[in-house]
Amino acid sequence: MKLADEMFRPLVTLVLAGITVIQLVTRPPSLLALTWTVTAVVIAAAVTAVFALDRFSDRGQIVVIGVFVLASAPLFALAPSTAGVAFVFLATSTAGRQLESRHASVALAVAGSVLAMVSTWVAEALGAAEIPPWWLGLTAGLPVYFGLVRRERVAAQAAAEYTAVLEERGRIAREIHDVVGHSLSGIAVQLDMADALHGAGKSAEANEAVLRARALAVSGLKETRRAVHALRESTLPLTESVARLAETHGAAFSGSGEGPVSVEVAQTVIRAAQEALTNAHKHARGARVEVGLEYAPGVVRLVVADGGGERAVGSGMRPAGVEERAVAGGMGLTGMRERAELLGGKLFAGPEGPGWTVRMELPR
């Protein structure tokens, strides 16, 4: 939009200038010398305002656009049968769009309207052949409103883009904190323990701590790759992304409904699905895993459930390996729950039937 506007305004200015000059040459006005002088000033001011306005200070911009407005207003009356009449409307629109001060923009628009009206009376007194209606000059300042609206729209769009950038940075920062921070903290703890054990002469225990640190490093690398993959997947539709995850982990997928969700919600659902599927693979090998994604009124709901697999036990007994799920994986159940609550949602994760179920609901 910005690029189109930057190309459109210079083109309009040059076309108006060219047509006005051609018309003045082919049909000379009655007040020839005065009309040509005013036309030259208007074209110079218009070209400066369109092509070089950013080089001036705020006060300089007011001066340039002021000359543009106040010079184009008399041209409205001196050359009513040429394209030059459009310059005053372009000038007041430029004032509303370009000037930082609203008061200055409106003041110039009012001055342009009044001067265009007065110019019709003066041109008539000087014996001009064609005189536009005096009241038509009062409309010269109206485009300032469209210029102001255009500037507000551009500012709002820029603010929205900046907010989106901040949200994306926050999202990536949380990914780094959840994945890399978790792994590095665990590695630091294990290495500190290894150092203390080595100092106490417990070499075997120190070696075990080093091996645990290495395992955390390998796990953290996998989690980082998975996080990068999830960030890329967030550009895909949420249903397609979750379906791909389910297929990758050999799980059955079912989806119902559809609708738009924010990037933050989509990313949280994807991360939760990854975590739940990874845990199911670790703790319920051989079990059937089902993934469901439902777009309900006002919420999007993710359900990942497994049948217990190899660790399922007899009726009435708690499945083995349940406790370790609270700390398994990169984000972990605590991180999943925190993310859900941050977005105003909720998370259930626990034994349900013979296996384990993760159920997340987030507002759409």
# chains A, B, ... in the order shown; residues from 1 in each chain; ligands from 1
>>> residues_around(residues="region 203-218 of chain A", least_positions_apart="3", cutoff="7 Å", atoms="only C-alpha atoms", output="tab-separated table (two decimals) with N, CA and C atoms, in the first residue's frame")
chain	number	residue	atom	x	y	z
A	183	SER	N	17.06	-26.87	29.17
A	183	SER	CA	18.19	-27.78	28.97
A	183	SER	C	19.45	-27.26	29.62
A	186	GLY	N	19.43	-27.60	33.42
A	186	GLY	CA	19.68	-28.97	33.84
A	186	GLY	C	21.14	-29.38	33.68
A	187	ILE	N	21.73	-28.96	32.57
A	187	ILE	CA	23.14	-29.28	32.33
A	187	ILE	C	24.02	-28.64	33.40
A	190	GLN	N	23.78	-30.56	36.70
A	190	GLN	CA	24.49	-31.85	36.66
A	190	GLN	C	26.01	-31.64	36.67
A	191	LEU	N	26.50	-30.62	35.98
A	191	LEU	CA	27.94	-30.38	35.97
A	191	LEU	C	28.43	-29.88	37.34
A	193	MET	N	27.07	-30.73	40.13
A	193	MET	CA	27.05	-31.94	40.95
A	193	MET	C	28.27	-32.81	40.66
A	194	ALA	N	28.62	-32.92	39.37
A	194	ALA	CA	29.79	-33.72	39.01
A	194	ALA	C	31.06	-33.14	39.60
A	195	ASP	N	31.17	-31.81	39.59
A	195	ASP	CA	32.35	-31.17	40.15
A	195	ASP	C	32.45	-31.43	41.65
A	197	LEU	N	31.04	-33.94	43.34
A	197	LEU	CA	31.32	-35.36	43.57
A	197	LEU	C	32.77	-35.69	43.27
A	198	HIS	N	33.31	-35.09	42.23
A	198	HIS	CA	34.71	-35.35	41.90
A	198	HIS	C	35.62	-34.82	43.01
A	221	LEU	N	19.07	-30.44	22.30
A	221	LEU	CA	19.26	-30.22	20.87
A	221	LEU	C	18.05	-30.69	20.07
A	222	LYS	N	17.53	-31.86	20.45
A	222	LYS	CA	16.33	-32.37	19.78
A	222	LYS	C	15.15	-31.43	19.99
>>> select_by_dssp(residues="region 128-305 of chain A", states="strand (DSSP E or B)", output="number ranges by chain")
A: 252-256, 289-296, 299-305
>>> atom_distance(atom1="CA of Arg97 (chain A)", atom2="CA of Val144 (chain A)")
7.5 Å
>>> atom_distance(atom1="CA of Leu293 (chain A)", atom2="CA of Met336 (chain A)")
16.5 Å
>>> select_by_dssp(residues="region 125-263 of chain A", states="alpha helix (DSSP H)", output="PyMOL selection string")
chain A and resi 125+143-176+182-199+203-233+238-248+263
